[in-house]
Amino acid sequence: MRQLLVIVLAAGEGTRMRSARPKVLHAVAGRPMVAHVLDAALEAGAAHVAVVIGPDHDAVAAEVRRVAPQAEVFVQAERRGTAHAVLAARAALERGFDDVVVMYGDTPLVQPETIAALRAPLTEGAAVAVLGFRPPDPTGYGRLVTEGGELVAIREEKEASAEERAIGLCNAGLMALDGRAALDLLGRVDDANAKQEFYLTDVVAIARALGGRAGVCEVAAEDVAGVNSRAQLAEAEAIFQRRLRARVLEAGVTLVAPETVFLSADTSFGRDVIVEPNVCFGPGVRVEDGATIRAFSHVEGAHVGPGAIVGPFARLRPGAELGQGVHVGNFVEIKASDLAPGAKVNHLSYVGDSSVGANTNIGAGTITCNYDGFRKHRTVIGANAFVGTNSLLVAPVSVGDGAYIGTGSVITDDVPADALAIGRARQVNKPGLAARLRARLSAGLAPKK
Amino acid sequence: MRQLLVIVLAAGEGTRMRSARPKVLHAVAGRPMVAHVLDAALEAGAAHVAVVIGPDHDAVAAEVRRVAPQAEVFVQAERRGTAHAVLAARAALERGFDDVVVMYGDTPLVQPETIAALRAPLTEGAAVAVLGFRPPDPTGYGRLVTEGGELVAIREEKEASAEERAIGLCNAGLMALDGRAALDLLGRVDDANAKQEFYLTDVVAIARALGGRAGVCEVAAEDVAGVNSRAQLAEAEAIFQRRLRARVLEAGVTLVAPETVFLSADTSFGRDVIVEPNVCFGPGVRVEDGATIRAFSHVEGAHVGPGAIVGPFARLRPGAELGQGVHVGNFVEIKASDLAPGAKVNHLSYVGDSSVGANTNIGAGTITCNYDGFRKHRTVIGANAFVGTNSLLVAPVSVGDGAYIGTGSVITDDVPADALAIGRARQVNKPGLAARLRARLSAGLAPKK
Amino acid sequence: MRQLLVIVLAAGEGTRMRSARPKVLHAVAGRPMVAHVLDAALEAGAAHVAVVIGPDHDAVAAEVRRVAPQAEVFVQAERRGTAHAVLAARAALERGFDDVVVMYGDTPLVQPETIAALRAPLTEGAAVAVLGFRPPDPTGYGRLVTEGGELVAIREEKEASAEERAIGLCNAGLMALDGRAALDLLGRVDDANAKQEFYLTDVVAIARALGGRAGVCEVAAEDVAGVNSRAQLAEAEAIFQRRLRARVLEAGVTLVAPETVFLSADTSFGRDVIVEPNVCFGPGVRVEDGATIRAFSHVEGAHVGPGAIVGPFARLRPGAELGQGVHVGNFVEIKASDLAPGAKVNHLSYVGDSSVGANTNIGAGTITCNYDGFRKHRTVIGANAFVGTNSLLVAPVSVGDGAYIGTGSVITDDVPADALAIGRARQVNKPGLAARLRARLSAGLAPKK
């Protein structure tokens, strides 16, 4: 098998993003763009990955280490063109690989198959291969001049003849190089041009001048879309989401209105799941067979068991574990809590750092008071318990199986199994006092407290 | 008037749906596809409806009975082609009708007008009529070969000449048959083909061979779109929603962002209603003149009176009856409750199984505790009452006109009119204790309870 | 500088809106259409603005006074055509201006640049200038017949030759007139036509007959889109939102899904703000650098400080002032309240008419009880305080710096700094009673209260 080195150029400043953040750290589907590119490189089987970053871009280096600890990071001290950037990774090139693929940190939609396609001409003996795409309007792009399936030249717009401008196939930027020739080819690139930069595209002419062949392969425009502005970032997000939604539909999930469902790359669904309109899935979500995620729900880091019903207006946060048939209803937040099969939390509740037993019913307005201002504590509720409306469970505390908590109780002590716990004041009616109170208030007086 | 028999073929397995559920039971606009087809058949004036289902599809039979109790259900034991499926309803055909129309359970966008158009050629003496449509790309569809407005043949893609492939008009599948000829024509269809199936399309050639005429009528592609995958289900939903929204806009409703409003077929609006972005309407909703449904609201089975304001972030569940000028605000759920004119429930409340009198104000955080773990009970609140913040009303309970409930009270006993009811503990301040508590907590000690 | 009079025709009845409200008062981006037109006129530097309204349209007059107090309102008593409407503003015309521009109250997408473009031919000596646009389908529009860059005629569809019907450039309706000639030209328009109306378009032929020149300038179709139905109102809203989103993206804001974010014309963002899907911004919102507005949030009249995090499911209402790094979480409503830097309100709370000190933590379910049924009162909470879960703060009340409020307390009296305040009943456990209660309930008996 041919050994592949991928060099990711990620040194761009991205001034059109108008951001304090390096461009390649802007996120698509909740994940920095450079991480998507690294994902594609690793999935395409790269034996080694080198990332070239700009000076003062420590945050990019940190993200690279997080996503691909095996990757090597190089700093391009000055920005002197793409060939110059590739040579910042000279140490990696010198180690010797069969194929070298140059990618960009700001093309988050590139796919492993894109890389495979780009390498194909190398296996057939080409010295270099270029990726082409057909934009709706080619104006401004370098045209790929081909002859008999081979690449003859990359012609920049301003140097192109009228005939060449009519070419629809444009240079996507990504390039594959024969690993044995790469350093030689790159070393011959010069900066004898208006901007005095070293252009990677010059490698094509150099390779051909040396008697080598240049290949070309075409991919869909969206696979190589680069992100230079927030508008393009939003377009990349839209394409990424369309891909994720198509995959999910294909797998047998009903998305009532796919364009209103936002997925993460790792969102996982069983069969016959129904997702209503307007649902956001953050990372780390698994939804099992037959579950329903109702409208206006926000789910991240959660596991939704078979047949469970979530929402509308539910929020599942990381560590929410919902068993079979659990119901989580409106204006309910679940965090770091296990809900055993059949448990129900239907209205206006916060359940955090808790475990709730099977078939237990948590009344509306219940809050687990897990935070004392310094630490979080756990609440443990047994099976078949009934937690009355607006109960406050001051953690650490436990409630036994079959216990019954009276409406509006503040539970600070453990409740034994089958016990009834109550902690509230007795109601007093004061006849006629509402009328007198209204009179005071309407006269602008304070009520007698 | 010509008597119409509609035969709905609903026996498909729908393997591309990747679902445990029969395909025709997947829903569009909250209603199974087959129900939409039955709706169209009944609205088109069908004297009789026969539905052909697959074996083990009892759930389809049940849905048919629910939507159209008068319909007759036939089981196609083996799946041997469309003509074979139609003949599963032989008993219905034998009763004799003027017109027979064959429809499909997986084309939920078909309209009564579609059926009327398809029948027209029969009234002019045709033995059979076929529905044509023009897909953006006809590849794969059977082409309708016509001559002088008459249908000469349905040519399958693989048997079509180059000239025939250039025909844009394709076979939608729906067919009308002269009721007196139908059994004879269907009986002549054979299975002398590669798949050994009995194809309904063969009826055209048979009728013509017997000297009959075949008509054709063209409809919009979307009217006859079939659903074979979740992606197509989502497309059908999108078209259905577009139709509903157009109807609603036409009637004088402002939809600020129509594409974000999800309607049911029966959602009913008065004049000058405003619906903000991101609102879902389930079945059974009626909104009267001048009401406003604000963003992020979810409304089903509810009646919203004139000038009422709902949301943002409100949920109205079945049985919510809002009188004139009622306000239901954010993070509020109303279920099976009447709110008299001028009542207000503005924040973070659950009102269920209740009635609330005119001009009564329900404070933030109020919950009607309608469920004791076994049964639901009612809460009755009079007019001009003031229910203080975070009141808990333990049903069954009643609160009289003009009563005033103190903040944070648990109300278990009836409150007389004009009485003030209070049920809460007195506040105690413990000077300096917060500082000491913080010291304990920050040292990792438990608070003294 | 040439003095400009803008005459806005706003007398249309708008029957296709099916509304009790005058058409020009229907809103785009939360602002009546006529206000957008007035905005454009004023930004284009109009020295004077006259608005012609229909009889019984006092509400339009009131809106005009609100938006442009300097504008003059004229009533067109009878609706006898556009030239007749313009002459309703005769008193304004008689005051003498260099340029007169006639606009329409139902074209809310018109821009100041549109007006500038329309005036350009006047500065070059034209007596009249007309605005042209190219609709996707010109059928039904008056065609602009030009010759050598000059307007020769406005040809109505039904009077156009086949050659003229092929013209794509259509009359947008807006017109500029030489101020010295305007009254004379308008006075010569007659009603010798089928409808016996006075058409403004006749001015072109009249001016040319008198030896004057007629200019034409072309603008994008969307700039002059008129609104005659709710569907067109929704289209105008969509275009308006697209413009606002593009501006915001350009300024360096990440909109994860731009098409799901609804903006107001005055929404203001710092750099590196992230807005997740499904967020609505009402008027008067300012979001500072590095803040994040999470999904499903609704924000109006609020100021979000640097690095603050809002949502998901948060509602900020007018007067919400969030300092640096404030967190407002799910199912939380903030109204007319200052939250100092580092304050947190993470779950299920209502904070209204309050001030919250720096780094204070407001527990889940906390409600400031600001309304006594007659008046609103303020709650003042100091810095570094801990407000326990489900605390109810009965305003007017103050809580000192560093105070600690116990879970479930009703706070009616001021809490000194560093004091612990508690107001709740003690919990009692009744062993075995839950089992007995269940037995009663399951037997259909009422619980012993």
# chains A, B, ... in the order shown; residues from 1 in each chain; ligands from 1
>>> interface_residues(of="chain A", to="chain C", cutoff="6 Å", atoms="only C-alpha atoms", output="PyMOL selection string")
chain A and resi 17-19+230-231+234+403-404+418-425
>>> write_last_selection(atoms="N, CA, C and O atoms", output="PDB file, in the first residue's frame")
ATOM      1  N   MET A  17     -12.966  37.222   7.604  1.00  0.00           N
ATOM      2  CA  MET A  17     -13.824  36.709   8.681  1.00  0.00           C
ATOM      3  C   MET A  17     -14.072  37.789   9.738  1.00  0.00           C
ATOM      4  O   MET A  17     -14.976  37.664  10.554  1.00  0.00           O
ATOM      5  N   ARG A  18     -13.230  38.829   9.738  1.00  0.00           N
ATOM      6  CA  ARG A  18     -13.305  39.888  10.765  1.00  0.00           C
ATOM      7  C   ARG A  18     -13.408  39.266  12.162  1.00  0.00           C
ATOM      8  O   ARG A  18     -14.387  39.474  12.878  1.00  0.00           O
ATOM      9  N   SER A  19     -12.379  38.521  12.490  1.00  0.00           N
ATOM     10  CA  SER A  19     -12.442  37.748  13.727  1.00  0.00           C
ATOM     11  C   SER A  19     -11.114  37.787  14.455  1.00  0.00           C
ATOM     12  O   SER A  19     -10.051  37.882  13.827  1.00  0.00           O
ATOM     13  N   ARG A 230     -17.837  34.924   6.758  1.00  0.00           N
ATOM     14  CA  ARG A 230     -18.897  34.324   7.581  1.00  0.00           C
ATOM     15  C   ARG A 230     -20.033  33.803   6.699  1.00  0.00           C
ATOM     16  O   ARG A 230     -20.670  32.807   7.035  1.00  0.00           O
ATOM     17  N   ALA A 231     -20.272  34.471   5.579  1.00  0.00           N
ATOM     18  CA  ALA A 231     -21.332  33.986   4.684  1.00  0.00           C
ATOM     19  C   ALA A 231     -20.946  32.620   4.131  1.00  0.00           C
ATOM     20  O   ALA A 231     -21.772  31.701   4.053  1.00  0.00           O
ATOM     21  N   ALA A 234     -21.363  29.990   6.728  1.00  0.00           N
ATOM     22  CA  ALA A 234     -22.767  29.582   6.831  1.00  0.00           C
ATOM     23  C   ALA A 234     -23.154  28.655   5.681  1.00  0.00           C
ATOM     24  O   ALA A 234     -23.917  27.695   5.870  1.00  0.00           O
ATOM     25  N   ALA A 403     -41.840   5.920  47.609  1.00  0.00           N
ATOM     26  CA  ALA A 403     -42.091   7.070  48.487  1.00  0.00           C
ATOM     27  C   ALA A 403     -43.021   8.061  47.799  1.00  0.00           C
ATOM     28  O   ALA A 403     -43.172   8.061  46.568  1.00  0.00           O
ATOM     29  N   TYR A 404     -43.634   8.913  48.595  1.00  0.00           N
ATOM     30  CA  TYR A 404     -44.587   9.909  48.077  1.00  0.00           C
ATOM     31  C   TYR A 404     -44.219  11.239  48.714  1.00  0.00           C
ATOM     32  O   TYR A 404     -44.203  11.358  49.947  1.00  0.00           O
ATOM     33  N   ASP A 418     -41.479   3.885  50.713  1.00  0.00           N
ATOM     34  CA  ASP A 418     -42.898   3.845  51.072  1.00  0.00           C
ATOM     35  C   ASP A 418     -43.316   4.891  52.105  1.00  0.00           C
ATOM     36  O   ASP A 418     -44.453   4.877  52.564  1.00  0.00           O
ATOM     37  N   ALA A 419     -42.399   5.789  52.464  1.00  0.00           N
ATOM     38  CA  ALA A 419     -42.784   6.860  53.385  1.00  0.00           C
ATOM     39  C   ALA A 419     -43.409   8.010  52.617  1.00  0.00           C
ATOM     40  O   ALA A 419     -43.162   8.201  51.427  1.00  0.00           O
ATOM     41  N   LEU A 420     -44.242   8.751  53.327  1.00  0.00           N
ATOM     42  CA  LEU A 420     -44.729  10.006  52.786  1.00  0.00           C
ATOM     43  C   LEU A 420     -43.917  11.114  53.434  1.00  0.00           C
ATOM     44  O   LEU A 420     -43.749  11.135  54.657  1.00  0.00           O
ATOM     45  N   ALA A 421     -43.388  11.998  52.613  1.00  0.00           N
ATOM     46  CA  ALA A 421     -42.614  13.109  53.167  1.00  0.00           C
ATOM     47  C   ALA A 421     -43.321  14.394  52.802  1.00  0.00           C
ATOM     48  O   ALA A 421     -43.824  14.560  51.687  1.00  0.00           O
ATOM     49  N   ILE A 422     -43.346  15.279  53.756  1.00  0.00           N
ATOM     50  CA  ILE A 422     -44.025  16.538  53.498  1.00  0.00           C
ATOM     51  C   ILE A 422     -43.278  17.629  54.239  1.00  0.00           C
ATOM     52  O   ILE A 422     -42.762  17.407  55.323  1.00  0.00           O
ATOM     53  N   GLY A 423     -43.171  18.778  53.613  1.00  0.00           N
ATOM     54  CA  GLY A 423     -42.479  19.877  54.268  1.00  0.00           C
ATOM     55  C   GLY A 423     -43.031  21.162  53.741  1.00  0.00           C
ATOM     56  O   GLY A 423     -42.513  21.746  52.806  1.00  0.00           O
ATOM     57  N   ARG A 424     -44.146  21.577  54.307  1.00  0.00           N
ATOM     58  CA  ARG A 424     -44.752  22.810  53.816  1.00  0.00           C
ATOM     59  C   ARG A 424     -45.627  23.373  54.920  1.00  0.00           C
ATOM     60  O   ARG A 424     -46.028  22.651  55.845  1.00  0.00           O
ATOM     61  N   ALA A 425     -45.917  24.642  54.795  1.00  0.00           N
ATOM     62  CA  ALA A 425     -46.741  25.296  55.809  1.00  0.00           C
ATOM     63  C   ALA A 425     -48.219  25.010  55.524  1.00  0.00           C
ATOM     64  O   ALA A 425     -48.604  24.738  54.388  1.00  0.00           O
TER      65      ALA A 425
END
>>> select_by_dssp(residues="stretch 246-276 of chain C", states="alpha helix (DSSP H)", output="list in words")
Ala246, Arg247, Val248, Leu249 and Glu250 of chain C
>>> atom_distance(atom1="atom CA of B:Gly301", atom2="atom CA of A:Tyr350")
27.1 Å
>>> select_by_dssp(residues="stretch 341-417 of chain A", states="strand (DSSP E)", output="MDAnalysis selection string")
chainID A and resid 344:347 350:352 354:356 361:362 367:369 379:381 386:387 392:394 397:399 404:405 410:411
>>> atom_distance(atom1="atom CA of A:Ala225", atom2="atom CA of A:Asp137")
13.5 Å
>>> residues_around(residues="B:Gly140", least_positions_apart="6", cutoff="9 Å", atoms="only C-alpha atoms", output="PyMOL selection string")
chain B and resi 156-158
>>> write_last_selection(atoms="N, CA and C atoms", output="tab-separated table (two decimals), in the first residue's frame")
chain	number	residue	atom	x	y	z
B	156	GLU	N	-42.47	1.57	-21.45
B	156	GLU	CA	-41.46	1.53	-20.38
B	156	GLU	C	-40.12	2.00	-20.93
B	157	GLU	N	-39.35	2.64	-20.06
B	157	GLU	CA	-38.03	3.20	-20.42
B	157	GLU	C	-37.20	2.24	-21.28
B	158	LYS	N	-37.09	1.01	-20.84
B	158	LYS	CA	-36.14	0.11	-21.51
B	158	LYS	C	-36.63	-0.38	-22.87
>>> residues_around(residues="B:Ala126", least_positions_apart="5", cutoff="9 Å", atoms="only C-alpha atoms", output="list in words")
Ala120, Pro121, Leu177, Asp178, Gly212, Arg213, Ala214 and Gly215 of chain B
>>> write_last_selection(atoms="C-alpha atoms", output="mmCIF file, in the first residue's frame")
data_model
loop_
_atom_site.group_PDB
_atom_site.id
_atom_site.type_symbol
_atom_site.label_atom_id
_atom_site.label_comp_id
_atom_site.auth_asym_id
_atom_site.auth_seq_id
_atom_site.Cartn_x
_atom_site.Cartn_y
_atom_site.Cartn_z
ATOM 1 C CA ALA B 120 -63.244 13.219 -17.557
ATOM 2 C CA PRO B 121 -62.148 11.041 -20.524
ATOM 3 C CA LEU B 177 -61.511 2.499 -16.062
ATOM 4 C CA ASP B 178 -64.960 2.277 -17.545
ATOM 5 C CA GLY B 212 -61.739 1.075 -27.048
ATOM 6 C CA ARG B 213 -60.209 4.475 -26.607
ATOM 7 C CA ALA B 214 -57.603 5.458 -24.024
ATOM 8 C CA GLY B 215 -57.578 9.006 -22.697
#
>>> closest_residue(among="B:Ala439, B:Leu210, B:Cys217, B:Leu9", to="B:Leu151", atoms="only C-alpha atoms")
B:Cys217
>>> residues_around(residues="B:Glu218", least_positions_apart="3", cutoff="6 Å", atoms="only C-alpha atoms", output="ChimeraX atom specification")
/B:131-133
>>> write_last_selection(atoms="all heavy atoms", output="mmCIF file, in the first residue's frame")
data_model
loop_
_atom_site.group_PDB
_atom_site.id
_atom_site.type_symbol
_atom_site.label_atom_id
_atom_site.label_comp_id
_atom_site.auth_asym_id
_atom_site.auth_seq_id
_atom_site.Cartn_x
_atom_site.Cartn_y
_atom_site.Cartn_z
ATOM 1 N N LEU B 131 -53.202 9.065 -16.032
ATOM 2 C CA LEU B 131 -52.769 10.373 -15.554
ATOM 3 C C LEU B 131 -51.307 10.577 -15.930
ATOM 4 O O LEU B 131 -50.456 9.733 -15.632
ATOM 5 C CB LEU B 131 -52.934 10.412 -14.029
ATOM 6 C CG LEU B 131 -53.225 11.743 -13.358
ATOM 7 C CD1 LEU B 131 -54.444 12.423 -13.970
ATOM 8 C CD2 LEU B 131 -53.431 11.520 -11.880
ATOM 9 N N GLY B 132 -51.037 11.699 -16.582
ATOM 10 C CA GLY B 132 -49.657 12.002 -16.958
ATOM 11 C C GLY B 132 -49.119 13.186 -16.184
ATOM 12 O O GLY B 132 -49.866 14.028 -15.700
ATOM 13 N N PHE B 133 -47.807 13.224 -16.044
ATOM 14 C CA PHE B 133 -47.152 14.363 -15.396
ATOM 15 C C PHE B 133 -45.784 14.517 -16.048
ATOM 16 O O PHE B 133 -45.294 13.606 -16.718
ATOM 17 C CB PHE B 133 -47.017 14.139 -13.893
ATOM 18 C CG PHE B 133 -45.988 13.114 -13.521
ATOM 19 C CD1 PHE B 133 -44.800 13.484 -12.874
ATOM 20 C CD2 PHE B 133 -46.171 11.776 -13.821
ATOM 21 C CE1 PHE B 133 -43.850 12.539 -12.540
ATOM 22 C CE2 PHE B 133 -45.214 10.825 -13.493
ATOM 23 C CZ PHE B 133 -44.052 11.204 -12.854
#
>>> atom_distance(atom1="atom CA of C:Asp98", atom2="atom CA of C:Ala41")
15.3 Å
>>> residues_around(residues="A:Glu43", least_positions_apart="2", cutoff="10 Å", atoms="only C-alpha atoms", output="count of residues only")
11
